[in-house]
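Enquirer: The file below is start28.cif, mmCIF, C-alpha atoms:
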```cif
data_query
loop_
_atom_site.group_PDB
_atom_site.id
_atom_site.type_symbol
_atom_site.label_atom_id
_atom_site.label_comp_id
_atom_site.auth_asym_id
_atom_site.auth_seq_id
_atom_site.Cartn_x
_atom_site.Cartn_y
_atom_site.Cartn_z
ATOM 1 C CA MET A 1 -22.371 -42.404 -6.614
ATOM 2 C CA THR A 2 -19.017 -43.434 -8.073
ATOM 3 C CA LEU A 3 -19.129 -47.207 -8.427
ATOM 4 C CA THR A 4 -15.813 -49.026 -8.808
ATOM 5 C CA THR A 5 -15.005 -52.723 -8.974
ATOM 6 C CA ARG A 6 -11.913 -54.595 -7.909
ATOM 7 C CA PRO A 7 -10.839 -58.104 -6.905
ATOM 8 C CA ALA A 8 -11.671 -58.924 -3.293
ATOM 9 C CA THR A 9 -8.744 -59.713 -1.008
ATOM 10 C CA PRO A 10 -8.611 -61.355 2.423
ATOM 11 C CA ARG A 11 -8.602 -57.823 3.906
ATOM 12 C CA ASP A 12 -12.200 -57.492 2.592
ATOM 13 C CA ALA A 13 -13.486 -60.579 4.402
ATOM 14 C CA ALA A 14 -15.096 -58.678 7.300
ATOM 15 C CA ALA A 15 -16.958 -56.345 4.929
ATOM 16 C CA LEU A 16 -18.196 -59.265 2.810
ATOM 17 C CA ALA A 17 -19.297 -61.159 5.926
ATOM 18 C CA ALA A 18 -21.209 -58.124 7.212
ATOM 19 C CA LEU A 19 -22.909 -57.629 3.843
ATOM 20 C CA ILE A 20 -24.055 -61.237 3.452
ATOM 21 C CA ASN A 21 -25.025 -61.513 7.119
ATOM 22 C CA GLU A 22 -27.505 -58.664 6.673
ATOM 23 C CA ILE A 23 -29.024 -60.530 3.707
ATOM 24 C CA ILE A 24 -29.176 -63.773 5.715
ATOM 25 C CA ALA A 25 -30.854 -61.992 8.649
ATOM 26 C CA ILE A 26 -33.651 -60.713 6.390
ATOM 27 C CA GLY A 27 -34.055 -64.124 4.725
ATOM 28 C CA GLY A 28 -35.571 -65.228 1.451
ATOM 29 C CA THR A 29 -32.916 -64.227 -1.065
ATOM 30 C CA THR A 30 -29.961 -66.479 -0.370
ATOM 31 C CA ALA A 31 -29.523 -70.188 0.134
ATOM 32 C CA TYR A 32 -27.175 -69.390 3.028
ATOM 33 C CA GLU A 33 -28.888 -69.495 6.407
ATOM 34 C CA THR A 34 -25.956 -69.417 8.843
ATOM 35 C CA PRO A 35 -24.095 -66.125 9.423
ATOM 36 C CA PHE A 36 -20.499 -65.826 8.288
ATOM 37 C CA THR A 37 -17.435 -64.934 10.290
ATOM 38 C CA PRO A 38 -14.787 -62.999 8.360
ATOM 39 C CA GLU A 39 -12.664 -66.172 8.278
ATOM 40 C CA HIS A 40 -15.522 -68.201 6.801
ATOM 41 C CA ALA A 41 -16.270 -65.484 4.208
ATOM 42 C CA ASP A 42 -12.618 -65.604 3.170
ATOM 43 C CA GLN A 43 -12.665 -69.415 2.901
ATOM 44 C CA GLU A 44 -15.998 -69.518 1.042
ATOM 45 C CA PHE A 45 -15.681 -66.579 -1.358
ATOM 46 C CA ILE A 46 -12.244 -64.959 -1.501
ATOM 47 C CA SER A 47 -9.646 -67.699 -1.090
ATOM 48 C CA PRO A 48 -11.124 -71.148 -1.804
ATOM 49 C CA PRO A 49 -8.942 -73.305 -4.071
ATOM 50 C CA HIS A 50 -11.708 -73.557 -6.696
ATOM 51 C CA ARG A 51 -12.227 -69.754 -6.969
ATOM 52 C CA LEU A 52 -11.982 -68.159 -10.364
ATOM 53 C CA ALA A 53 -12.907 -64.639 -9.270
ATOM 54 C CA CYS A 54 -14.341 -62.734 -6.356
ATOM 55 C CA THR A 55 -15.068 -59.154 -7.323
ATOM 56 C CA LEU A 56 -16.492 -56.431 -5.146
ATOM 57 C CA ALA A 57 -18.203 -53.176 -6.012
ATOM 58 C CA GLU A 58 -17.726 -50.156 -3.820
ATOM 59 C CA ASP A 59 -18.574 -46.501 -3.592
ATOM 60 C CA GLU A 60 -16.032 -44.344 -1.751
ATOM 61 C CA GLY A 61 -14.760 -47.367 0.176
ATOM 62 C CA GLU A 62 -18.193 -48.770 1.114
ATOM 63 C CA VAL A 63 -18.721 -52.293 -0.222
ATOM 64 C CA LEU A 64 -22.058 -52.348 -2.065
ATOM 65 C CA GLY A 65 -21.873 -55.892 -3.379
ATOM 66 C CA PHE A 66 -19.743 -58.787 -4.429
ATOM 67 C CA GLN A 67 -19.855 -61.608 -6.927
ATOM 68 C CA VAL A 68 -18.013 -64.894 -6.849
ATOM 69 C CA LEU A 69 -17.277 -67.297 -9.702
ATOM 70 C CA LEU A 70 -16.171 -70.797 -8.721
ATOM 71 C CA TRP A 71 -15.201 -74.012 -10.425
ATOM 72 C CA PRO A 72 -17.394 -76.883 -9.288
ATOM 73 C CA ASN A 73 -16.300 -78.895 -6.278
ATOM 74 C CA GLU A 74 -17.394 -82.269 -4.923
ATOM 75 C CA HIS A 75 -20.617 -80.675 -3.634
ATOM 76 C CA GLU A 76 -21.546 -79.056 -6.967
ATOM 77 C CA PRO A 77 -20.851 -81.445 -9.845
ATOM 78 C CA PHE A 78 -21.204 -79.853 -13.285
ATOM 79 C CA PRO A 79 -20.085 -80.774 -16.799
ATOM 80 C CA ASP A 80 -16.573 -79.828 -17.893
ATOM 81 C CA GLY A 81 -16.219 -76.134 -18.648
ATOM 82 C CA TRP A 82 -18.980 -75.085 -16.240
ATOM 83 C CA ALA A 83 -18.581 -72.767 -13.259
ATOM 84 C CA TYR A 84 -21.100 -71.337 -10.845
ATOM 85 C CA ILE A 85 -21.841 -67.830 -9.667
ATOM 86 C CA GLY A 86 -23.171 -66.081 -6.587
ATOM 87 C CA THR A 87 -24.132 -62.415 -6.370
ATOM 88 C CA TYR A 88 -24.726 -60.445 -3.179
ATOM 89 C CA ALA A 89 -25.785 -56.778 -3.086
ATOM 90 C CA ARG A 90 -25.996 -54.655 0.048
ATOM 91 C CA VAL A 91 -29.550 -54.248 1.271
ATOM 92 C CA GLY A 92 -30.952 -51.081 -0.293
ATOM 93 C CA HIS A 93 -28.517 -51.157 -3.221
ATOM 94 C CA THR A 94 -30.170 -53.638 -5.576
ATOM 95 C CA GLY A 95 -31.245 -52.356 -8.959
ATOM 96 C CA GLY A 96 -28.626 -49.613 -9.064
ATOM 97 C CA GLY A 97 -26.147 -51.231 -11.431
ATOM 98 C CA VAL A 98 -24.010 -52.990 -8.813
ATOM 99 C CA GLY A 99 -24.776 -56.490 -10.121
ATOM 100 C CA ARG A 100 -24.293 -55.540 -13.765
ATOM 101 C CA ALA A 101 -20.916 -53.930 -13.013
ATOM 102 C CA LEU A 102 -19.834 -57.044 -11.123
ATOM 103 C CA PHE A 103 -21.026 -59.358 -13.898
ATOM 104 C CA SER A 104 -18.982 -57.471 -16.493
ATOM 105 C CA GLU A 105 -15.831 -58.319 -14.518
ATOM 106 C CA THR A 106 -16.972 -61.894 -13.862
ATOM 107 C CA VAL A 107 -17.474 -62.574 -17.578
ATOM 108 C CA LYS A 108 -13.920 -61.352 -18.251
ATOM 109 C CA ALA A 109 -12.597 -63.767 -15.616
ATOM 110 C CA ALA A 110 -14.719 -66.601 -17.023
ATOM 111 C CA ARG A 111 -13.372 -66.049 -20.538
ATOM 112 C CA ALA A 112 -9.788 -65.893 -19.288
ATOM 113 C CA ALA A 113 -10.268 -69.212 -17.428
ATOM 114 C CA GLY A 114 -11.939 -70.972 -20.360
ATOM 115 C CA VAL A 115 -15.371 -71.235 -18.744
ATOM 116 C CA LYS A 116 -18.008 -72.192 -21.290
ATOM 117 C CA THR A 117 -21.154 -72.026 -19.132
ATOM 118 C CA ILE A 118 -21.997 -70.274 -15.863
ATOM 119 C CA ASP A 119 -24.654 -71.746 -13.566
ATOM 120 C CA ALA A 120 -26.756 -69.619 -11.232
ATOM 121 C CA THR A 121 -28.903 -71.638 -8.845
ATOM 122 C CA ILE A 122 -31.456 -69.354 -7.203
ATOM 123 C CA ARG A 123 -34.169 -69.887 -4.620
ATOM 124 C CA ALA A 124 -37.518 -69.972 -6.424
ATOM 125 C CA ASP A 125 -38.929 -67.448 -3.938
ATOM 126 C CA ASN A 126 -36.138 -64.954 -4.756
ATOM 127 C CA THR A 127 -38.030 -63.102 -7.477
ATOM 128 C CA GLY A 128 -35.509 -60.259 -7.556
ATOM 129 C CA GLY A 129 -32.588 -62.638 -8.044
ATOM 130 C CA LEU A 130 -34.409 -64.575 -10.753
ATOM 131 C CA ALA A 131 -35.200 -61.342 -12.614
ATOM 132 C CA PHE A 132 -31.615 -60.085 -12.201
ATOM 133 C CA TYR A 133 -30.057 -63.170 -13.763
ATOM 134 C CA SER A 134 -32.661 -63.207 -16.562
ATOM 135 C CA ARG A 135 -31.797 -59.577 -17.400
ATOM 136 C CA LEU A 136 -28.133 -60.618 -17.717
ATOM 137 C CA GLY A 137 -29.064 -63.297 -20.274
ATOM 138 C CA PHE A 138 -29.276 -66.392 -18.066
ATOM 139 C CA VAL A 139 -31.908 -68.922 -19.156
ATOM 140 C CA ASP A 140 -33.683 -71.589 -17.100
ATOM 141 C CA TYR A 141 -32.435 -75.122 -17.655
ATOM 142 C CA ASP A 142 -33.427 -77.142 -14.572
ATOM 143 C CA ARG A 143 -35.169 -77.008 -11.217
ATOM 144 C CA LYS A 144 -34.282 -78.655 -7.910
ATOM 145 C CA LEU A 145 -37.567 -79.460 -6.198
ATOM 146 C CA GLY A 146 -38.232 -79.105 -2.495
ATOM 147 C CA VAL A 147 -34.808 -78.258 -1.087
ATOM 148 C CA PRO A 148 -35.211 -78.096 2.711
ATOM 149 C CA LEU A 149 -34.341 -75.002 4.713
ATOM 150 C CA LYS A 150 -33.130 -75.166 8.327
ATOM 151 C CA ASP A 151 -36.691 -74.670 9.589
ATOM 152 C CA GLY A 152 -37.938 -77.594 7.497
ATOM 153 C CA ALA A 153 -39.669 -75.480 4.847
ATOM 154 C CA LEU A 154 -39.178 -76.739 1.301
ATOM 155 C CA VAL A 155 -38.108 -74.264 -1.383
ATOM 156 C CA ASP A 156 -37.386 -75.067 -5.013
ATOM 157 C CA ARG A 157 -34.153 -73.886 -6.631
ATOM 158 C CA VAL A 158 -34.251 -72.575 -10.191
ATOM 159 C CA ARG A 159 -31.156 -73.364 -12.209
ATOM 160 C CA LYS A 160 -30.178 -70.840 -14.875
ATOM 161 C CA ARG A 161 -27.237 -70.888 -17.235
ATOM 162 C CA PHE A 162 -25.291 -68.332 -19.216
ATOM 163 C CA GLU A 163 -23.234 -69.324 -22.238
ATOM 164 C CA VAL A 164 -19.906 -67.490 -22.227
ATOM 165 C CA ASN A 165 -18.859 -66.438 -25.733
#
```
Now, as a test, write the supplied structure out as structure tokens.

Expert:
Amino acid sequence: MTLTTRPATPRDAAALAALINEIIAIGGTTAYETPFTPEHADQEFISPPHRLACTLAEDEGEVLGFQVLLWPNEHEPFPDGWAYIGTYARVGHTGGGVGRALFSETVKAARAAGVKTIDATIRADNTGGLAFYSRLGFVDYDRKLGVPLKDGALVDRVRKRFEVN
């Protein structure tokens, strides 16, 4: 495998939508529950006005994952200098270095933008995601209790932070 990273562009929206839709269909590892159209993936991850970076990892043209870094918006209030992150790896490609390669690029973008702290808010039942962010150096700092899913089930969200140096 020859893993490369690059900034995502609107031309990548269909591939990002397909990747995250597979994760949504399986359930349990993302807060998203509604499938994405390519247009929605572009608006949410690639081209929103509060985007700092959206990086994808690919192997010979196949998108294996992507990571987005966003300034807070009215729905996600954070202290000054904070941004938040989301990481999505193709099913069957977790644990192979995709997330770490993406995070290396995300940290560069965070430093360039003056981000001081990155928040990762992860479903408490997403043990793989929690372990991934811990391995990167994120530490727990808060917990949102009983966030409802579409089916009415309540799932906590663990909030982790990473201090950008």

Enquirer: With only C-alpha atoms as the counted atoms, please give the residues lying no more than 12 Å from A:Lys144, apart from itself and same-chain residues fewer than 3 positions off, as a VMD selection string.

Expert: chain A and resid 121 to 124 140 to 141 147 to 148 154 to 160

Enquirer: May I have the protein, DNA and RNA residues with any atom at most 10 Å from the point (-31.2, -72.5, -19.0), counting all atoms listed in the file, written as a list of chain:residue names?

Expert: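 Nearby residues: A:Ile118, A:Asp119, A:Ala120, A:Ser134, A:Gly137, A:Phe138, A:Val139, A:Asp140, A:Tyr141, A:Asp142, A:Arg143, A:Val158, A:Arg159, A:Lys160, A:Arg161, A:Phe162, A:Glu163.
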
Enquirer: Tell me, as a ChimeraX atom specification, which residues lie within 10 Å of A:Pro10, counting only C-alpha atoms; anything in the same chain fewer than 2 positions away does not count.

Expert: /A:8,12-14,16,38-39,41-43,45-47

Enquirer: Residues picked by the PyMOL selection byres ((chain A and resi 33) around 6) here, as number ranges by chain?

Expert: A: 24, 32, 34

Enquirer: Store the residues picked out above, limited to C-alpha atoms, as a PDB file, in the coordinates of the input.

Expert:
```
ATOM      1  CA  ILE A  24     -29.176 -63.773   5.715  1.00  0.00           C
ATOM      2  CA  TYR A  32     -27.175 -69.390   3.028  1.00  0.00           C
ATOM      3  CA  THR A  34     -25.956 -69.417   8.843  1.00  0.00           C
TER       4      THR A  34
END
```

Enquirer: For stretch 94-103 of chain A, list every protein, DNA or RNA residue within 9 Å, evaluated using only C-alpha atoms, and leave out those in the same chain fewer than 6 positions away; present the list as a PyMOL selection string.

Expert: chain A and resi 3-6+55-58+64-67+87-88+128+132+136

Enquirer: Would you compute the distance between atom CA of A:Val164 and atom CA of A:Thr2? Give it in Å to one decimal.

Expert: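 Atom CA of A:Thr2 lies 27.9 Å from atom CA of A:Val164.
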
Enquirer: Using only C-alpha atoms, can you tell me which of A:Ala113, A:Leu149, A:Cys54, A:Ala15 comes closest to A:Gly86?

Expert: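 Closest to A:Gly86, using only C-alpha atoms: A:Cys54.
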